[in-house]
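The file protein_26.pdb contains PDB, C-alpha atoms:
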```pdb
MODEL        1
ATOM      1  CA  MET A  96     -16.868   0.952 -19.056
ATOM      2  CA  TRP A  97     -15.480   3.968 -20.921
ATOM      3  CA  VAL A  98     -15.813   6.109 -17.804
ATOM      4  CA  GLN A  99     -13.928   3.517 -15.768
ATOM      5  CA  TRP A 100     -11.172   3.410 -18.385
ATOM      6  CA  VAL A 101     -10.857   7.229 -18.294
ATOM      7  CA  HIS A 102     -10.594   7.131 -14.489
ATOM      8  CA  VAL A 103      -7.940   4.433 -14.560
ATOM      9  CA  TYR A 104      -5.901   5.825 -17.431
ATOM     10  CA  TYR A 105      -6.064   9.584 -16.712
ATOM     11  CA  LYS A 106      -6.900   9.922 -13.064
ATOM     12  CA  LYS A 107      -4.558   7.197 -11.719
ATOM     13  CA  TYR A 108      -5.446   7.925  -8.098
ATOM     14  CA  ASN A 109      -4.567  11.581  -8.621
ATOM     15  CA  SER A 110      -6.683  14.623  -9.085
ATOM     16  CA  MET A 111      -8.487  14.890 -12.409
ATOM     17  CA  TRP A 112      -7.726  18.619 -12.202
ATOM     18  CA  GLY A 113      -4.048  18.056 -12.937
ATOM     19  CA  ALA A 114      -4.390  15.327 -15.585
ATOM     20  CA  GLU A 115      -2.679  16.003 -18.912
ATOM     21  CA  PRO A 116      -4.197  14.576 -22.101
ATOM     22  CA  ASN A 117      -1.363  12.592 -23.667
ATOM     23  CA  GLN A 118      -2.401  11.406 -27.103
ATOM     24  CA  ALA A 119      -6.027  11.380 -26.061
ATOM     25  CA  SER A 120      -9.032  11.551 -28.311
ATOM     26  CA  TRP A 121     -10.551  14.940 -28.978
ATOM     27  CA  VAL A 122     -13.405  14.201 -26.549
ATOM     28  CA  ILE A 123     -11.025  13.525 -23.662
ATOM     29  CA  GLN A 124      -8.976  16.612 -24.542
ATOM     30  CA  LYS A 125     -12.117  18.774 -24.485
ATOM     31  CA  ILE A 126     -13.203  17.352 -21.136
ATOM     32  CA  LEU A 127      -9.808  17.930 -19.568
ATOM     33  CA  LYS A 128      -9.495  21.449 -20.987
ATOM     34  CA  VAL A 129     -12.727  22.509 -19.276
ATOM     35  CA  LYS A 130     -10.759  23.070 -16.074
ATOM     36  CA  LYS A 131      -9.355  26.228 -17.671
ATOM     37  CA  TYR A 132     -12.857  27.743 -17.818
ATOM     38  CA  PHE A 133     -13.617  26.753 -14.241
ATOM     39  CA  GLU A 134     -10.379  28.406 -13.107
ATOM     40  CA  GLU A 135     -11.217  31.571 -15.070
ATOM     41  CA  ALA A 136     -14.593  31.676 -13.322
ATOM     42  CA  GLY A 137     -12.860  31.351  -9.942
ATOM     43  CA  TYR A 138     -13.856  27.796  -9.052
ATOM     44  CA  SER A 139     -11.421  25.512  -7.232
ATOM     45  CA  GLU A 140     -11.260  21.752  -7.691
ATOM     46  CA  GLU A 141     -13.027  21.184  -4.369
ATOM     47  CA  GLU A 142     -15.903  23.468  -5.366
ATOM     48  CA  VAL A 143     -16.308  21.641  -8.672
ATOM     49  CA  LEU A 144     -16.331  18.248  -6.936
ATOM     50  CA  ARG A 145     -18.971  19.459  -4.446
ATOM     51  CA  MET A 146     -21.299  20.683  -7.188
ATOM     52  CA  GLU A 147     -24.518  18.688  -7.238
ATOM     53  CA  ASN A 148     -25.837  20.349 -10.369
ATOM     54  CA  PHE A 149     -24.192  22.625 -12.890
ATOM     55  CA  LEU A 150     -25.923  25.768 -14.130
ATOM     56  CA  THR A 151     -24.677  27.173 -17.408
ATOM     57  CA  LYS A 152     -26.178  30.561 -16.516
ATOM     58  CA  ALA A 153     -24.184  30.735 -13.269
ATOM     59  CA  MET A 154     -20.973  29.880 -15.127
ATOM     60  CA  TYR A 155     -21.719  32.480 -17.810
ATOM     61  CA  LEU A 156     -22.397  35.188 -15.230
ATOM     62  CA  LYS A 157     -19.150  34.389 -13.400
ATOM     63  CA  LEU A 158     -17.128  34.489 -16.625
ATOM     64  CA  ARG A 159     -18.817  37.682 -17.839
ATOM     65  CA  GLY A 160     -18.394  39.581 -14.592
ATOM     66  CA  GLU A 161     -20.550  42.355 -13.214
ATOM     67  CA  PHE A 162     -21.664  45.193 -15.448
ATOM     68  CA  SER A 163     -24.021  47.986 -14.581
ATOM     69  CA  LYS A 164     -26.970  48.423 -16.913
ATOM     70  CA  VAL A 165     -27.176  51.756 -18.656
ATOM     71  CA  PRO A 166     -30.454  53.553 -17.966
ATOM     72  CA  TRP A 167     -31.182  54.230 -21.653
ATOM     73  CA  ARG A 168     -31.000  50.542 -22.665
ATOM     74  CA  ARG A 169     -34.770  50.363 -23.240
ATOM     75  CA  LEU A 170     -34.488  53.053 -25.901
ATOM     76  CA  ILE A 171     -32.124  50.829 -27.856
ATOM     77  CA  CYS A 172     -33.268  47.271 -27.133
ATOM     78  CA  LYS A 173     -37.027  47.748 -27.266
ATOM     79  CA  ASN A 174     -37.054  50.099 -30.248
ATOM     80  CA  ALA A 175     -39.145  49.160 -33.294
ATOM     81  CA  GLY A 176     -37.333  51.609 -35.588
ATOM     82  CA  LEU A 177     -35.012  50.705 -38.417
ATOM     83  CA  SER A 178     -31.778  49.043 -37.378
ATOM     84  CA  LYS A 179     -29.646  51.840 -38.854
ATOM     85  CA  TRP A 180     -31.594  54.389 -36.784
ATOM     86  CA  ILE A 181     -31.081  52.335 -33.637
ATOM     87  CA  PHE A 182     -27.366  51.971 -34.340
ATOM     88  CA  ILE A 183     -26.922  55.750 -34.669
ATOM     89  CA  LEU A 184     -28.987  56.262 -31.497
ATOM     90  CA  PHE A 185     -26.691  53.762 -29.739
ATOM     91  CA  LEU A 186     -23.612  55.695 -30.897
ATOM     92  CA  ALA A 187     -25.168  58.989 -29.803
ATOM     93  CA  ALA A 188     -26.048  57.582 -26.367
ATOM     94  CA  HIS A 189     -22.420  56.450 -26.010
ATOM     95  CA  ARG A 190     -21.243  59.834 -27.359
ATOM     96  CA  ARG A 191     -19.358  58.081 -30.161
ATOM     97  CA  LEU A 192     -20.780  59.899 -33.156
ATOM     98  CA  LEU A 193     -18.119  61.472 -35.345
ATOM     99  CA  THR A 194     -19.255  65.046 -35.054
ATOM    100  CA  ARG A 195     -17.132  67.948 -36.187
ATOM    101  CA  ASP A 196     -15.769  68.617 -32.699
ATOM    102  CA  LYS A 197     -14.347  65.057 -32.560
ATOM    103  CA  LEU A 198     -12.906  65.325 -36.060
ATOM    104  CA  ARG A 199     -11.225  68.608 -35.095
ATOM    105  CA  LYS A 200      -9.633  66.958 -32.043
ATOM    106  CA  TRP A 201      -8.130  64.360 -34.379
ATOM    107  CA  GLY A 202      -6.795  67.108 -36.661
ATOM    108  CA  CYS A 203      -9.008  66.153 -39.615
ATOM    109  CA  LEU A 204     -11.073  69.336 -39.752
ATOM    110  CA  GLU A 205     -10.525  73.055 -39.276
ATOM    111  CA  ASP A 206     -14.042  74.544 -39.362
ATOM    112  CA  THR A 207     -16.259  73.045 -36.651
ATOM    113  CA  SER A 208     -19.329  75.230 -37.069
ATOM    114  CA  PHE A 209     -22.624  73.529 -37.840
ATOM    115  CA  PRO A 210     -23.384  73.979 -41.571
ATOM    116  CA  LEU A 211     -27.111  74.661 -41.071
ATOM    117  CA  CYS A 212     -26.821  77.615 -38.702
ATOM    118  CA  HIS A 213     -23.072  78.509 -38.591
ATOM    119  CA  THR A 214     -23.416  79.681 -34.985
ATOM    120  CA  GLU A 215     -21.833  77.018 -32.766
ATOM    121  CA  GLU A 216     -19.621  73.959 -32.960
ATOM    122  CA  LYS A 217     -21.234  70.781 -34.208
ATOM    123  CA  THR A 218     -21.461  68.853 -30.941
ATOM    124  CA  ILE A 219     -24.066  66.254 -30.048
ATOM    125  CA  ASN A 220     -26.048  68.716 -27.898
ATOM    126  CA  HIS A 221     -26.010  71.428 -30.530
ATOM    127  CA  LEU A 222     -26.612  69.078 -33.427
ATOM    128  CA  PHE A 223     -29.775  67.530 -32.047
ATOM    129  CA  PHE A 224     -31.425  69.959 -29.686
ATOM    130  CA  LYS A 225     -29.741  73.387 -29.454
ATOM    131  CA  CYS A 226     -29.529  74.378 -33.110
ATOM    132  CA  SER A 227     -32.472  76.556 -34.196
ATOM    133  CA  PHE A 228     -33.213  74.249 -37.152
ATOM    134  CA  SER A 229     -33.005  71.039 -35.086
ATOM    135  CA  THR A 230     -35.059  72.614 -32.298
ATOM    136  CA  GLN A 231     -37.856  73.489 -34.721
ATOM    137  CA  VAL A 232     -37.870  69.988 -36.185
ATOM    138  CA  TRP A 233     -37.860  68.268 -32.795
ATOM    139  CA  ALA A 234     -40.542  70.644 -31.435
ATOM    140  CA  ALA A 235     -42.756  69.750 -34.420
ATOM    141  CA  VAL A 236     -42.150  66.036 -33.832
ATOM    142  CA  LEU A 237     -43.012  66.406 -30.135
ATOM    143  CA  ASP A 238     -46.148  68.391 -31.015
ATOM    144  CA  TRP A 239     -47.177  65.688 -33.506
ATOM    145  CA  GLN A 240     -46.838  63.115 -30.726
ATOM    146  CA  ARG A 241     -48.848  65.326 -28.346
ATOM    147  CA  VAL A 242     -45.899  65.668 -25.960
ATOM    148  CA  HIS A 243     -46.292  69.155 -24.525
ATOM    149  CA  ARG A 244     -42.921  70.262 -23.186
ATOM    150  CA  GLN A 245     -39.917  72.310 -24.248
ATOM    151  CA  VAL A 246     -37.054  70.890 -26.271
ATOM    152  CA  MET A 247     -34.249  69.884 -23.901
ATOM    153  CA  THR A 248     -30.546  69.079 -24.190
ATOM    154  CA  TRP A 249     -29.394  65.604 -25.232
ATOM    155  CA  ASP A 250     -28.758  64.384 -21.666
ATOM    156  CA  GLN A 251     -32.085  65.738 -20.446
ATOM    157  CA  GLU A 252     -33.854  64.193 -23.435
ATOM    158  CA  LEU A 253     -32.363  60.766 -22.640
ATOM    159  CA  GLU A 254     -33.360  61.127 -18.995
ATOM    160  CA  TRP A 255     -36.901  62.165 -19.934
ATOM    161  CA  ALA A 256     -37.214  59.213 -22.310
ATOM    162  CA  GLU A 257     -35.980  56.798 -19.630
ATOM    163  CA  GLN A 258     -38.669  58.003 -17.232
ATOM    164  CA  HIS A 259     -41.606  58.345 -19.617
ATOM    165  CA  CYS A 260     -41.082  55.569 -22.192
ATOM    166  CA  LYS A 261     -40.696  52.490 -20.036
ATOM    167  CA  GLY A 262     -43.752  50.550 -21.115
ATOM    168  CA  ARG A 263     -44.927  48.989 -24.329
ATOM    169  CA  SER A 264     -47.626  51.523 -25.043
ATOM    170  CA  SER A 265     -48.011  52.816 -28.556
ATOM    171  CA  ASN A 266     -47.037  56.326 -27.426
ATOM    172  CA  ALA A 267     -43.790  55.050 -25.892
ATOM    173  CA  ASN A 268     -42.960  53.000 -28.998
ATOM    174  CA  ILE A 269     -43.665  55.934 -31.308
ATOM    175  CA  TYR A 270     -41.537  58.263 -29.201
ATOM    176  CA  LYS A 271     -38.594  55.811 -29.248
ATOM    177  CA  MET A 272     -38.864  55.372 -33.013
ATOM    178  CA  THR A 273     -39.134  59.095 -33.701
ATOM    179  CA  LEU A 274     -36.181  59.836 -31.420
ATOM    180  CA  ALA A 275     -34.062  57.275 -33.267
ATOM    181  CA  GLY A 276     -35.255  58.511 -36.668
ATOM    182  CA  SER A 277     -34.660  62.166 -35.780
ATOM    183  CA  ILE A 278     -31.145  61.431 -34.567
ATOM    184  CA  TYR A 279     -30.415  59.437 -37.725
ATOM    185  CA  TYR A 280     -31.739  62.034 -40.185
ATOM    186  CA  THR A 281     -30.249  65.030 -38.386
TER     187      THR A 281
ENDMDL
END
```
Transcribe the structure of this file into structure tokens.
Amino acid sequence: MWVQWVHVYYKKYNSMWGAEPNQASWVIQKILKVKKYFEEAGYSEEEVLRMENFLTKAMYLKLRGEFSKVPWRRLICKNAGLSKWIFILFLAAHRRLLTRDKLRKWGCLEDTSFPLCHTEEKTINHLFFKCSFSTQVWAAVLDWQRVHRQVMTWDQELEWAEQHCKGRSSNANIYKMTLAGSIYYT
């Protein structure tokens, strides 16, 4: 009976799409405001009327849009390390860490040399894998994990991790945690 009343009072032989909730209850207002979300997702009134079943996932994907997945997402999402380590690894992967080269660009810092070696600017590549101190630490960590290869640059390290740490093996999990921990403590 309520549904019939809504049809008679709000639809009035017109499209429900254009109905305006005049002094309606909050339930009716919510129902009529849903059209805004359908329009944002790109649905027309005819498409909504032809729908036999509604999938929330399909609506969500249309509203969200298309995004490409970053290749290093498994290093972040499937990492068993501490959350603060993972957050810093996320910032490093996005190149958003506030290193001295970024602070200098903002005019906050004059000296950009790395305080441990005083040889180069403190960039992400130098900070983690080019500095002699960081290289020794990371080489020892790799040796401890029985990963026999040279220390690489940050981009190469991410690429290597994407290729070799895909599964859920203990070696892959340990590598992801030690990478996150090394980035955090460096």
Show which residues sit within 9 Å of segment 153-167 of chain A, as a VMD selection string. Count all atoms listed in the file, and ignore same-chain residues fewer than 6 positions away. chain A and resid 132 to 133 135 to 137 188 253 to 254 256 to 257
How big is the axis-aligned box around the listed atoms of segment 138-156 of chain A once 8 Å is added on each side, and where is its centre? Give both in Å to one decimal, as lines of an AutoDock Vina configuration file.
```
center_x = -18.7
center_y = 26.7
center_z = -11.1
size_x = 30.9
size_y = 32.9
size_z = 29.4
```
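One distance worth recording is that between atom CA of Ile269 of chain A and atom CA of Asn174 of chain A, which is 8.9 Å.
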Min atom-atom distance to Ile181 of chain A from the set A:Leu237, A:Arg169, A:Gln245, A:Lys152, counting all atoms listed in the file, belongs to A:Arg169
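Among the candidates A:Arg168, A:Arg244, A:Arg263, A:Lys173, the residue lying nearest to His189 of chain A is A:Arg168 (atoms considered: all atoms listed in the file).
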Residue members of the PyMOL selection byres ((chain A and resi 265-267) around 12) in the file shown, as a PyMOL selection string
chain A and resi 169-170+173-175+237+239-242+255-264+268-274
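In this structure, atom CA of Cys226 of chain A sits 25.8 Å away from atom CA of Ser178 of chain A.
Atom CA of Leu222 of chain A is found 10.0 Å from atom CA of Thr248 of chain A.
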Give as a list in words each residue that has an atom at most 9 Å from (-25.6, 65.3, -28.4) in the file, counting all atoms listed in the file. Ala187, Ala188, Arg190, Leu192, Thr218, Ile219, Asn220, His221, Leu222, Phe223, Phe224, Thr248, Trp249 and Asp250 of chain A
_Test item: the PyMOL selection byres ((chain A and resi 140) around 12) resolved as a PyMOL selection string_ = chain A and resi 110-113+129-134+136-139+141-146
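With distances restricted to only C-alpha atoms, A:Ile278 is the closest residue to Glu252 of chain A from A:Cys172, A:Ile278, A:Ala235, A:Leu198.
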